[in-house]
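**Student:** For reference, the file work-v1.pdb (PDB, C-alpha atoms) is included below:
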ATOM      1  CA  MET A   1     -22.442-115.154-122.443  1.00  0.00           C
ATOM      2  CA  GLU A   2     -24.651-114.336-119.771  1.00  0.00           C
ATOM      3  CA  LEU A   3     -22.517-116.408-117.573  1.00  0.00           C
ATOM      4  CA  SER A   4     -19.415-114.682-118.642  1.00  0.00           C
ATOM      5  CA  LYS A   5     -21.140-111.368-118.237  1.00  0.00           C
ATOM      6  CA  ALA A   6     -22.215-112.391-114.762  1.00  0.00           C
ATOM      7  CA  GLN A   7     -18.672-113.526-113.994  1.00  0.00           C
ATOM      8  CA  TYR A   8     -17.343-110.302-115.323  1.00  0.00           C
ATOM      9  CA  ASN A   9     -19.783-108.379-113.102  1.00  0.00           C
ATOM     10  CA  ILE A  10     -18.843-110.597-110.126  1.00  0.00           C
ATOM     11  CA  THR A  11     -15.173-109.950-110.766  1.00  0.00           C
ATOM     12  CA  LYS A  12     -15.854-106.277-111.012  1.00  0.00           C
ATOM     13  CA  LEU A  13     -17.867-106.361-107.839  1.00  0.00           C
ATOM     14  CA  GLU A  14     -15.121-108.332-106.080  1.00  0.00           C
ATOM     15  CA  GLU A  15     -12.569-105.767-107.239  1.00  0.00           C
ATOM     16  CA  GLN A  16     -14.896-103.010-106.090  1.00  0.00           C
ATOM     17  CA  ILE A  17     -15.328-104.784-102.708  1.00  0.00           C
ATOM     18  CA  GLN A  18     -11.531-105.103-102.392  1.00  0.00           C
ATOM     19  CA  ARG A  19     -11.045-101.466-103.204  1.00  0.00           C
ATOM     20  CA  ASP A  20     -13.798-100.546-100.761  1.00  0.00           C
ATOM     21  CA  GLN A  21     -12.217-102.841 -98.157  1.00  0.00           C
ATOM     22  CA  GLN A  22      -8.826-101.235 -98.733  1.00  0.00           C
ATOM     23  CA  LEU A  23     -10.462 -97.819 -98.499  1.00  0.00           C
ATOM     24  CA  LEU A  24     -12.184 -98.866 -95.265  1.00  0.00           C
ATOM     25  CA  ASP A  25      -8.880-100.209 -93.892  1.00  0.00           C
ATOM     26  CA  ILE A  26      -7.143 -96.942 -94.812  1.00  0.00           C
ATOM     27  CA  ARG A  27      -9.964 -94.929 -93.273  1.00  0.00           C
ATOM     28  CA  SER A  28      -9.952 -97.134 -90.192  1.00  0.00           C
ATOM     29  CA  ASP A  29      -6.184 -96.655 -89.855  1.00  0.00           C
ATOM     30  CA  LEU A  30      -6.684 -92.931 -90.347  1.00  0.00           C
ATOM     31  CA  ILE A  31      -9.432 -92.858 -87.706  1.00  0.00           C
ATOM     32  CA  ASN A  32      -7.205 -94.838 -85.306  1.00  0.00           C
ATOM     33  CA  SER A  33      -4.292 -92.498 -86.023  1.00  0.00           C
ATOM     34  CA  LEU A  34      -6.501 -89.435 -85.467  1.00  0.00           C
ATOM     35  CA  GLN A  35      -7.864 -90.926 -82.225  1.00  0.00           C
ATOM     36  CA  THR A  36      -4.285 -91.630 -81.058  1.00  0.00           C
ATOM     37  CA  ASN A  37      -3.252 -88.103 -81.979  1.00  0.00           C
ATOM     38  CA  GLU A  38      -6.306 -86.706 -80.220  1.00  0.00           C
ATOM     39  CA  THR A  39      -5.522 -88.745 -77.098  1.00  0.00           C
ATOM     40  CA  SER A  40      -1.865 -87.682 -77.093  1.00  0.00           C
ATOM     41  CA  GLN A  41      -2.803 -84.067 -77.725  1.00  0.00           C
ATOM     42  CA  ARG A  42      -5.389 -84.232 -74.938  1.00  0.00           C
ATOM     43  CA  ILE A  43      -2.698 -85.597 -72.609  1.00  0.00           C
ATOM     44  CA  GLN A  44      -0.298 -82.863 -73.741  1.00  0.00           C
ATOM     45  CA  LEU A  45      -3.030 -80.267 -73.260  1.00  0.00           C
ATOM     46  CA  GLU A  46      -3.769 -81.562 -69.767  1.00  0.00           C
ATOM     47  CA  GLU A  47      -0.042 -81.508 -68.939  1.00  0.00           C
ATOM     48  CA  PHE A  48       0.191 -77.997 -70.364  1.00  0.00           C
ATOM     49  CA  MET A  49      -2.840 -76.908 -68.338  1.00  0.00           C
ATOM     50  CA  ALA A  50      -1.289 -78.460 -65.207  1.00  0.00           C
ATOM     51  CA  GLN A  51       1.965 -76.615 -65.912  1.00  0.00           C
ATOM     52  CA  MET A  52       0.034 -73.403 -66.490  1.00  0.00           C
ATOM     53  CA  GLY A  53      -1.795 -73.951 -63.199  1.00  0.00           C
ATOM     54  CA  GLU A  54       1.536 -74.430 -61.408  1.00  0.00           C
ATOM     55  CA  LYS A  55       2.979 -71.371 -63.146  1.00  0.00           C
ATOM     56  CA  ASN A  56      -0.103 -69.320 -62.241  1.00  0.00           C
ATOM     57  CA  SER A  57       0.228 -70.510 -58.669  1.00  0.00           C
ATOM     58  CA  THR A  58       3.925 -69.565 -58.698  1.00  0.00           C
ATOM     59  CA  ILE A  59       3.102 -66.182 -60.254  1.00  0.00           C
ATOM     60  CA  ASN A  60       0.443 -65.563 -57.591  1.00  0.00           C
ATOM     61  CA  GLN A  61       2.921 -66.520 -54.853  1.00  0.00           C
ATOM     62  CA  LEU A  62       5.583 -64.243 -56.359  1.00  0.00           C
ATOM     63  CA  THR A  63       3.031 -61.440 -56.653  1.00  0.00           C
ATOM     64  CA  ASN A  64       2.138 -61.849 -52.978  1.00  0.00           C
ATOM     65  CA  ASP A  65       5.832 -61.960 -52.026  1.00  0.00           C
ATOM     66  CA  LEU A  66       6.464 -58.854 -54.126  1.00  0.00           C
ATOM     67  CA  ARG A  67       3.563 -57.036 -52.450  1.00  0.00           C
ATOM     68  CA  VAL A  68       4.903 -57.968 -49.007  1.00  0.00           C
ATOM     69  CA  LYS A  69       8.426 -56.847 -49.976  1.00  0.00           C
ATOM     70  CA  THR A  70       7.013 -53.612 -51.400  1.00  0.00           C
ATOM     71  CA  GLU A  71       5.222 -52.935 -48.121  1.00  0.00           C
ATOM     72  CA  GLU A  72       8.404 -53.733 -46.180  1.00  0.00           C
ATOM     73  CA  PHE A  73      10.393 -51.438 -48.480  1.00  0.00           C
ATOM     74  CA  GLN A  74       7.808 -48.681 -48.061  1.00  0.00           C
ATOM     75  CA  ASN A  75       7.974 -49.048 -44.266  1.00  0.00           C
ATOM     76  CA  LEU A  76      11.770 -49.019 -44.390  1.00  0.00           C
ATOM     77  CA  TYR A  77      11.738 -45.952 -46.620  1.00  0.00           C
ATOM     78  CA  THR A  78       9.338 -44.204 -44.241  1.00  0.00           C
ATOM     79  CA  ASN A  79      11.542 -45.123 -41.261  1.00  0.00           C
ATOM     80  CA  ILE A  80      14.648 -43.837 -43.064  1.00  0.00           C
ATOM     81  CA  ASN A  81      12.898 -40.554 -43.891  1.00  0.00           C
ATOM     82  CA  ASP A  82      11.777 -40.226 -40.259  1.00  0.00           C
ATOM     83  CA  LYS A  83      15.319 -40.928 -39.027  1.00  0.00           C
ATOM     84  CA  GLN A  84      16.779 -38.424 -41.504  1.00  0.00           C
ATOM     85  CA  LEU A  85      14.328 -35.787 -40.318  1.00  0.00           C
ATOM     86  CA  GLU A  86      15.144 -36.602 -36.697  1.00  0.00           C
ATOM     87  CA  LEU A  87      18.873 -36.469 -37.472  1.00  0.00           C
ATOM     88  CA  SER A  88      18.443 -33.127 -39.229  1.00  0.00           C
ATOM     89  CA  ASN A  89      16.553 -31.761 -36.218  1.00  0.00           C
ATOM     90  CA  GLN A  90      19.222 -33.051 -33.849  1.00  0.00           C
ATOM     91  CA  GLU A  91      21.994 -31.516 -35.983  1.00  0.00           C
ATOM     92  CA  HIS A  92      20.114 -28.214 -35.902  1.00  0.00           C
ATOM     93  CA  MET A  93      19.755 -28.452 -32.107  1.00  0.00           C
ATOM     94  CA  ILE A  94      23.467 -29.266 -31.770  1.00  0.00           C
ATOM     95  CA  LYS A  95      24.334 -26.244 -33.905  1.00  0.00           C
ATOM     96  CA  LEU A  96      22.079 -24.026 -31.782  1.00  0.00           C
ATOM     97  CA  LEU A  97      23.601 -25.424 -28.587  1.00  0.00           C
ATOM     98  CA  GLU A  98      27.129 -24.862 -29.919  1.00  0.00           C
ATOM     99  CA  GLU A  99      26.262 -21.273 -30.811  1.00  0.00           C
ATOM    100  CA  SER A 100      24.713 -20.801 -27.381  1.00  0.00           C
ATOM    101  CA  ASN A 101      27.816 -22.313 -25.793  1.00  0.00           C
ATOM    102  CA  GLU A 102      30.050 -19.926 -27.740  1.00  0.00           C
ATOM    103  CA  ARG A 103      27.923 -16.974 -26.650  1.00  0.00           C
ATOM    104  CA  CYS A 104      28.082 -18.189 -23.043  1.00  0.00           C
ATOM    105  CA  GLN A 105      31.852 -18.546 -23.269  1.00  0.00           C
ATOM    106  CA  LEU A 106      32.190 -15.057 -24.704  1.00  0.00           C
ATOM    107  CA  LEU A 107      29.859 -13.735 -22.028  1.00  0.00           C
ATOM    108  CA  ARG A 108      31.912 -15.513 -19.349  1.00  0.00           C
ATOM    109  CA  VAL A 109      35.104 -13.967 -20.743  1.00  0.00           C
ATOM    110  CA  GLN A 110      33.433 -10.564 -20.727  1.00  0.00           C
ATOM    111  CA  GLN A 111      32.262 -11.136 -17.159  1.00  0.00           C
ATOM    112  CA  GLU A 112      35.751 -12.246 -16.133  1.00  0.00           C
ATOM    113  CA  GLU A 113      37.193  -9.130 -17.756  1.00  0.00           C
ATOM    114  CA  LYS A 114      34.607  -7.017 -15.962  1.00  0.00           C
ATOM    115  CA  ILE A 115      35.459  -8.746 -12.672  1.00  0.00           C
ATOM    116  CA  GLY A 116      39.134  -8.053 -13.388  1.00  0.00           C
ATOM    117  CA  ARG A 117      38.420  -4.374 -14.021  1.00  0.00           C
ATOM    118  CA  LEU A 118      36.317  -4.193 -10.864  1.00  0.00           C
ATOM    119  CA  GLU A 119      39.097  -5.856  -8.882  1.00  0.00           C
ATOM    120  CA  GLU A 120      41.523  -3.350 -10.383  1.00  0.00           C
ATOM    121  CA  ASP A 121      39.174  -0.543  -9.382  1.00  0.00           C
ATOM    122  CA  ILE A 122      38.935  -1.989  -5.875  1.00  0.00           C
ATOM    123  CA  ALA A 123      42.704  -2.225  -5.660  1.00  0.00           C
ATOM    124  CA  HIS A 124      43.013   1.349  -6.939  1.00  0.00           C
ATOM    125  CA  LEU A 125      40.427   2.487  -4.409  1.00  0.00           C
ATOM    126  CA  LYS A 126      42.340   0.703  -1.631  1.00  0.00           C
ATOM    127  CA  GLN A 127      45.504   2.432  -2.757  1.00  0.00           C
ATOM    128  CA  THR A 128      43.716   5.788  -2.843  1.00  0.00           C
ATOM    129  CA  ILE A 129      42.301   5.158   0.629  1.00  0.00           C
ATOM    130  CA  ALA A 130      45.722   4.153   1.868  1.00  0.00           C
ATOM    131  CA  MET A 131      47.278   7.276   0.372  1.00  0.00           C
ATOM    132  CA  HIS A 132      44.512   9.383   1.860  1.00  0.00           C
ATOM    133  CA  VAL A 133      45.044   7.789   5.244  1.00  0.00           C
ATOM    134  CA  ASN A 134      48.771   8.406   4.911  1.00  0.00           C
ATOM    135  CA  SER A 135      48.290  12.012   3.921  1.00  0.00           C
ATOM    136  CA  ASN A 136      46.000  12.567   6.892  1.00  0.00           C
ATOM    137  CA  THR A 137      48.542  11.124   9.283  1.00  0.00           C
ATOM    138  CA  LYS A 138      51.242  13.154   7.540  1.00  0.00           C
ATOM    139  CA  LEU A 139      53.768  10.438   7.614  1.00  0.00           C
ATOM    140  CA  ASN A 140      56.695  10.875   5.328  1.00  0.00           C
ATOM    141  CA  CYS A 141      57.474   7.209   4.979  1.00  0.00           C
ATOM    142  CA  GLU A 142      55.674   4.897   2.717  1.00  0.00           C
ATOM    143  CA  SER A 143      53.214   2.552   4.254  1.00  0.00           C
ATOM    144  CA  PRO A 144      53.861  -1.183   4.022  1.00  0.00           C
ATOM    145  CA  LEU A 145      50.269  -1.526   2.800  1.00  0.00           C
ATOM    146  CA  SER A 146      51.144   0.427  -0.302  1.00  0.00           C
ATOM    147  CA  GLU A 147      54.064  -1.901  -1.192  1.00  0.00           C
ATOM    148  CA  ASN A 148      51.878  -4.966  -0.702  1.00  0.00           C
ATOM    149  CA  TYR A 149      49.233  -3.366  -2.815  1.00  0.00           C
ATOM    150  CA  GLU A 150      51.646  -2.673  -5.671  1.00  0.00           C
ATOM    151  CA  ASN A 151      52.821  -6.309  -5.603  1.00  0.00           C
ATOM    152  CA  TYR A 152      49.212  -7.450  -5.435  1.00  0.00           C
ATOM    153  CA  SER A 153      48.236  -5.208  -8.329  1.00  0.00           C
ATOM    154  CA  GLU A 154      51.111  -6.438 -10.516  1.00  0.00           C
ATOM    155  CA  ASN A 155      50.326 -10.078  -9.701  1.00  0.00           C
ATOM    156  CA  PHE A 156      46.650  -9.504 -10.315  1.00  0.00           C
ATOM    157  CA  HIS A 157      47.278  -7.904 -13.745  1.00  0.00           C
ATOM    158  CA  HIS A 158      49.534 -10.813 -14.700  1.00  0.00           C
ATOM    159  CA  TYR A 159      46.970 -13.361 -13.448  1.00  0.00           C
ATOM    160  CA  THR A 160      44.021 -11.787 -15.280  1.00  0.00           C
ATOM    161  CA  SER A 161      45.952 -11.401 -18.527  1.00  0.00           C
ATOM    162  CA  GLN A 162      46.977 -15.072 -18.356  1.00  0.00           C
ATOM    163  CA  ARG A 163      43.360 -16.135 -17.697  1.00  0.00           C
ATOM    164  CA  LYS A 164      42.151 -14.078 -20.660  1.00  0.00           C
ATOM    165  CA  ARG A 165      44.808 -15.552 -22.911  1.00  0.00           C
ATOM    166  CA  LYS A 166      43.989 -19.134 -21.860  1.00  0.00           C
ATOM    167  CA  ARG A 167      40.255 -18.559 -22.307  1.00  0.00           C
ATOM    168  CA  ARG A 168      40.729 -17.154 -25.828  1.00  0.00           C
ATOM    169  CA  ILE A 169      42.964 -20.090 -26.747  1.00  0.00           C
ATOM    170  CA  ALA A 170      40.341 -22.545 -25.448  1.00  0.00           C
ATOM    171  CA  ILE A 171      37.609 -20.815 -27.477  1.00  0.00           C
ATOM    172  CA  ASN A 172      39.743 -20.810 -30.622  1.00  0.00           C
ATOM    173  CA  VAL A 173      40.584 -24.489 -30.150  1.00  0.00           C
ATOM    174  CA  ARG A 174      36.880 -25.359 -29.840  1.00  0.00           C
ATOM    175  CA  LYS A 175      36.074 -23.369 -32.967  1.00  0.00           C
ATOM    176  CA  TYR A 176      38.893 -25.150 -34.816  1.00  0.00           C
ATOM    177  CA  GLU A 177      37.657 -28.582 -33.675  1.00  0.00           C
ATOM    178  CA  THR A 178      34.184 -27.928 -35.051  1.00  0.00           C
TER
END
As structure tokens, what does this structure read like?

**Tutor:**
Amino acid sequence: MELSKAQYNITKLEEQIQRDQQLLDIRSDLINSLQTNETSQRIQLEEFMAQMGEKNSTINQLTNDLRVKTEEFQNLYTNINDKQLELSNQEHMIKLLEESNERCQLLRVQQEEKIGRLEEDIAHLKQTIAMHVNSNTKLNCESPLSENYENYSENFHHYTSQRKRKRRIAINVRKYET
């Protein structure tokens, strides 16, 4: 009985050892599996960190490129604003010069008209002098100077009126072109 009790205890201990061995095998497999998972996750983490480093490097490069492009854009914008201001100033100067040119043309026409009137006055004075000379000499016939003067006066009036007309047409054409 003692022997059978001892055998029973041995059998129980052997069963317990087998169960413990199975439990150790399962735990060993679990530890190996966890170590494998840890190693693979460490590798994945290192790959992820490497990718993040590359992405950070790319982001930094893009940020630098963006800053450079922003500076270039700002410079371009400043240059465009300067050119627009310069263009505006030049347009204003052109407008002032055109107005000045129109005033000069009008002044020239007025001066030409004044010259025409003065030439008419001179011609009239010549005619008056010629008539006065004729009346002093008491000649009954007309002087040839008087006929020439009348032809000259008619031609001069025609010439000045044509010049005035052409000048006004030229001024109107310039105004129409602008």

**Student:** If you measure from atom CA of A:Arg167 to atom CA of A:Glu102, what distance in Å do you get, rounded to one decimal?

**Tutor:**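 Between atom CA of A:Arg167 and atom CA of A:Glu102 the gap is 11.6 Å.
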
**Student:** Do you know which residues the PyMOL selection byres ((chain A and resi 115-121) around 10) returns on this file, as number ranges by chain?

**Tutor:** A: 109-114, 122-127, 153, 156-157, 159-161, 164

**Student:** Any chance you could export the current selection's C-alpha atoms as a PDB file, in the frame of the given file?

**Tutor:**
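Done, and the output landed in again06.pdb:
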ATOM      1  CA  VAL A 109      35.104 -13.967 -20.743  1.00  0.00           C
ATOM      2  CA  GLN A 110      33.433 -10.564 -20.727  1.00  0.00           C
ATOM      3  CA  GLN A 111      32.262 -11.136 -17.159  1.00  0.00           C
ATOM      4  CA  GLU A 112      35.751 -12.246 -16.133  1.00  0.00           C
ATOM      5  CA  GLU A 113      37.193  -9.130 -17.756  1.00  0.00           C
ATOM      6  CA  LYS A 114      34.607  -7.017 -15.962  1.00  0.00           C
ATOM      7  CA  ILE A 122      38.935  -1.989  -5.875  1.00  0.00           C
ATOM      8  CA  ALA A 123      42.704  -2.225  -5.660  1.00  0.00           C
ATOM      9  CA  HIS A 124      43.013   1.349  -6.939  1.00  0.00           C
ATOM     10  CA  LEU A 125      40.427   2.487  -4.409  1.00  0.00           C
ATOM     11  CA  LYS A 126      42.340   0.703  -1.631  1.00  0.00           C
ATOM     12  CA  GLN A 127      45.504   2.432  -2.757  1.00  0.00           C
ATOM     13  CA  SER A 153      48.236  -5.208  -8.329  1.00  0.00           C
ATOM     14  CA  PHE A 156      46.650  -9.504 -10.315  1.00  0.00           C
ATOM     15  CA  HIS A 157      47.278  -7.904 -13.745  1.00  0.00           C
ATOM     16  CA  TYR A 159      46.970 -13.361 -13.448  1.00  0.00           C
ATOM     17  CA  THR A 160      44.021 -11.787 -15.280  1.00  0.00           C
ATOM     18  CA  SER A 161      45.952 -11.401 -18.527  1.00  0.00           C
ATOM     19  CA  LYS A 164      42.151 -14.078 -20.660  1.00  0.00           C
TER      20      LYS A 164
END

**Student:** For stretch 104-117 of chain A, take all atoms listed in the file, fit an axis-aligned box around them, add 5 Å to each of the six sides, then output centre and edge lengths in Å rounded to one decimal, as JSON.

**Tutor:**
{"center_x": 33.6, "center_y": -11.5, "center_z": -18.7, "size_x": 21.1, "size_y": 24.2, "size_z": 22.0}

**Student:** Would you kindly place N, CA and C atoms on stretch 17-41 of chain A and return the model as a PDB file, in the frame of the given file?

**Tutor:**
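That gives us selection.pdb:
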ATOM      1  N   ILE A  17     -15.286-104.453-104.132  1.00  0.00           N
ATOM      2  CA  ILE A  17     -15.328-104.784-102.708  1.00  0.00           C
ATOM      3  C   ILE A  17     -13.922-104.691-102.125  1.00  0.00           C
ATOM      4  N   GLN A  18     -12.928-105.168-102.880  1.00  0.00           N
ATOM      5  CA  GLN A  18     -11.531-105.103-102.392  1.00  0.00           C
ATOM      6  C   GLN A  18     -11.079-103.654-102.265  1.00  0.00           C
ATOM      7  N   ARG A  19     -11.415-102.893-103.267  1.00  0.00           N
ATOM      8  CA  ARG A  19     -11.045-101.466-103.204  1.00  0.00           C
ATOM      9  C   ARG A  19     -11.755-100.789-102.039  1.00  0.00           C
ATOM     10  N   ASP A  20     -13.048-101.120-101.880  1.00  0.00           N
ATOM     11  CA  ASP A  20     -13.798-100.546-100.761  1.00  0.00           C
ATOM     12  C   ASP A  20     -13.218-101.010 -99.426  1.00  0.00           C
ATOM     13  N   GLN A  21     -12.809-102.296 -99.378  1.00  0.00           N
ATOM     14  CA  GLN A  21     -12.217-102.841 -98.157  1.00  0.00           C
ATOM     15  C   GLN A  21     -10.889-102.134 -97.860  1.00  0.00           C
ATOM     16  N   GLN A  22     -10.103-101.943 -98.916  1.00  0.00           N
ATOM     17  CA  GLN A  22      -8.826-101.235 -98.733  1.00  0.00           C
ATOM     18  C   GLN A  22      -9.085 -99.801 -98.263  1.00  0.00           C
ATOM     19  N   LEU A  23     -10.111 -99.188 -98.892  1.00  0.00           N
ATOM     20  CA  LEU A  23     -10.462 -97.819 -98.499  1.00  0.00           C
ATOM     21  C   LEU A  23     -10.944 -97.791 -97.053  1.00  0.00           C
ATOM     22  N   LEU A  24     -11.731 -98.789 -96.653  1.00  0.00           N
ATOM     23  CA  LEU A  24     -12.184 -98.866 -95.265  1.00  0.00           C
ATOM     24  C   LEU A  24     -11.008 -99.100 -94.325  1.00  0.00           C
ATOM     25  N   ASP A  25     -10.072 -99.966 -94.725  1.00  0.00           N
ATOM     26  CA  ASP A  25      -8.880-100.209 -93.892  1.00  0.00           C
ATOM     27  C   ASP A  25      -8.056 -98.923 -93.733  1.00  0.00           C
ATOM     28  N   ILE A  26      -7.907 -98.204 -94.863  1.00  0.00           N
ATOM     29  CA  ILE A  26      -7.143 -96.942 -94.812  1.00  0.00           C
ATOM     30  C   ILE A  26      -7.876 -95.946 -93.925  1.00  0.00           C
ATOM     31  N   ARG A  27      -9.187 -95.878 -94.081  1.00  0.00           N
ATOM     32  CA  ARG A  27      -9.964 -94.929 -93.273  1.00  0.00           C
ATOM     33  C   ARG A  27      -9.951 -95.349 -91.805  1.00  0.00           C
ATOM     34  N   SER A  28     -10.014 -96.644 -91.566  1.00  0.00           N
ATOM     35  CA  SER A  28      -9.952 -97.134 -90.192  1.00  0.00           C
ATOM     36  C   SER A  28      -8.597 -96.808 -89.560  1.00  0.00           C
ATOM     37  N   ASP A  29      -7.527 -97.024 -90.343  1.00  0.00           N
ATOM     38  CA  ASP A  29      -6.184 -96.655 -89.855  1.00  0.00           C
ATOM     39  C   ASP A  29      -6.096 -95.151 -89.594  1.00  0.00           C
ATOM     40  N   LEU A  30      -6.689 -94.386 -90.514  1.00  0.00           N
ATOM     41  CA  LEU A  30      -6.684 -92.931 -90.347  1.00  0.00           C
ATOM     42  C   LEU A  30      -7.464 -92.525 -89.093  1.00  0.00           C
ATOM     43  N   ILE A  31      -8.629 -93.160 -88.899  1.00  0.00           N
ATOM     44  CA  ILE A  31      -9.432 -92.858 -87.706  1.00  0.00           C
ATOM     45  C   ILE A  31      -8.655 -93.241 -86.455  1.00  0.00           C
ATOM     46  N   ASN A  32      -8.017 -94.409 -86.464  1.00  0.00           N
ATOM     47  CA  ASN A  32      -7.205 -94.838 -85.306  1.00  0.00           C
ATOM     48  C   ASN A  32      -6.047 -93.863 -85.065  1.00  0.00           C
ATOM     49  N   SER A  33      -5.408 -93.453 -86.139  1.00  0.00           N
ATOM     50  CA  SER A  33      -4.292 -92.498 -86.023  1.00  0.00           C
ATOM     51  C   SER A  33      -4.792 -91.173 -85.454  1.00  0.00           C
ATOM     52  N   LEU A  34      -5.941 -90.697 -85.957  1.00  0.00           N
ATOM     53  CA  LEU A  34      -6.501 -89.435 -85.467  1.00  0.00           C
ATOM     54  C   LEU A  34      -6.913 -89.558 -83.997  1.00  0.00           C
ATOM     55  N   GLN A  35      -7.488 -90.723 -83.630  1.00  0.00           N
ATOM     56  CA  GLN A  35      -7.864 -90.926 -82.225  1.00  0.00           C
ATOM     57  C   GLN A  35      -6.620 -90.953 -81.335  1.00  0.00           C
ATOM     58  N   THR A  36      -5.553 -91.584 -81.813  1.00  0.00           N
ATOM     59  CA  THR A  36      -4.285 -91.630 -81.058  1.00  0.00           C
ATOM     60  C   THR A  36      -3.715 -90.221 -80.919  1.00  0.00           C
ATOM     61  N   ASN A  37      -3.738 -89.492 -82.023  1.00  0.00           N
ATOM     62  CA  ASN A  37      -3.252 -88.103 -81.979  1.00  0.00           C
ATOM     63  C   ASN A  37      -4.096 -87.263 -81.022  1.00  0.00           C
ATOM     64  N   GLU A  38      -5.428 -87.460 -81.107  1.00  0.00           N
ATOM     65  CA  GLU A  38      -6.306 -86.706 -80.220  1.00  0.00           C
ATOM     66  C   GLU A  38      -6.005 -87.043 -78.754  1.00  0.00           C
ATOM     67  N   THR A  39      -5.821 -88.328 -78.472  1.00  0.00           N
ATOM     68  CA  THR A  39      -5.522 -88.745 -77.098  1.00  0.00           C
ATOM     69  C   THR A  39      -4.192 -88.159 -76.637  1.00  0.00           C
ATOM     70  N   SER A  40      -3.170 -88.235 -77.488  1.00  0.00           N
ATOM     71  CA  SER A  40      -1.865 -87.682 -77.093  1.00  0.00           C
ATOM     72  C   SER A  40      -1.932 -86.170 -76.948  1.00  0.00           C
ATOM     73  N   GLN A  41      -2.679 -85.513 -77.829  1.00  0.00           N
ATOM     74  CA  GLN A  41      -2.803 -84.067 -77.725  1.00  0.00           C
ATOM     75  C   GLN A  41      -3.623 -83.680 -76.494  1.00  0.00           C
TER      76      GLN A  41
END
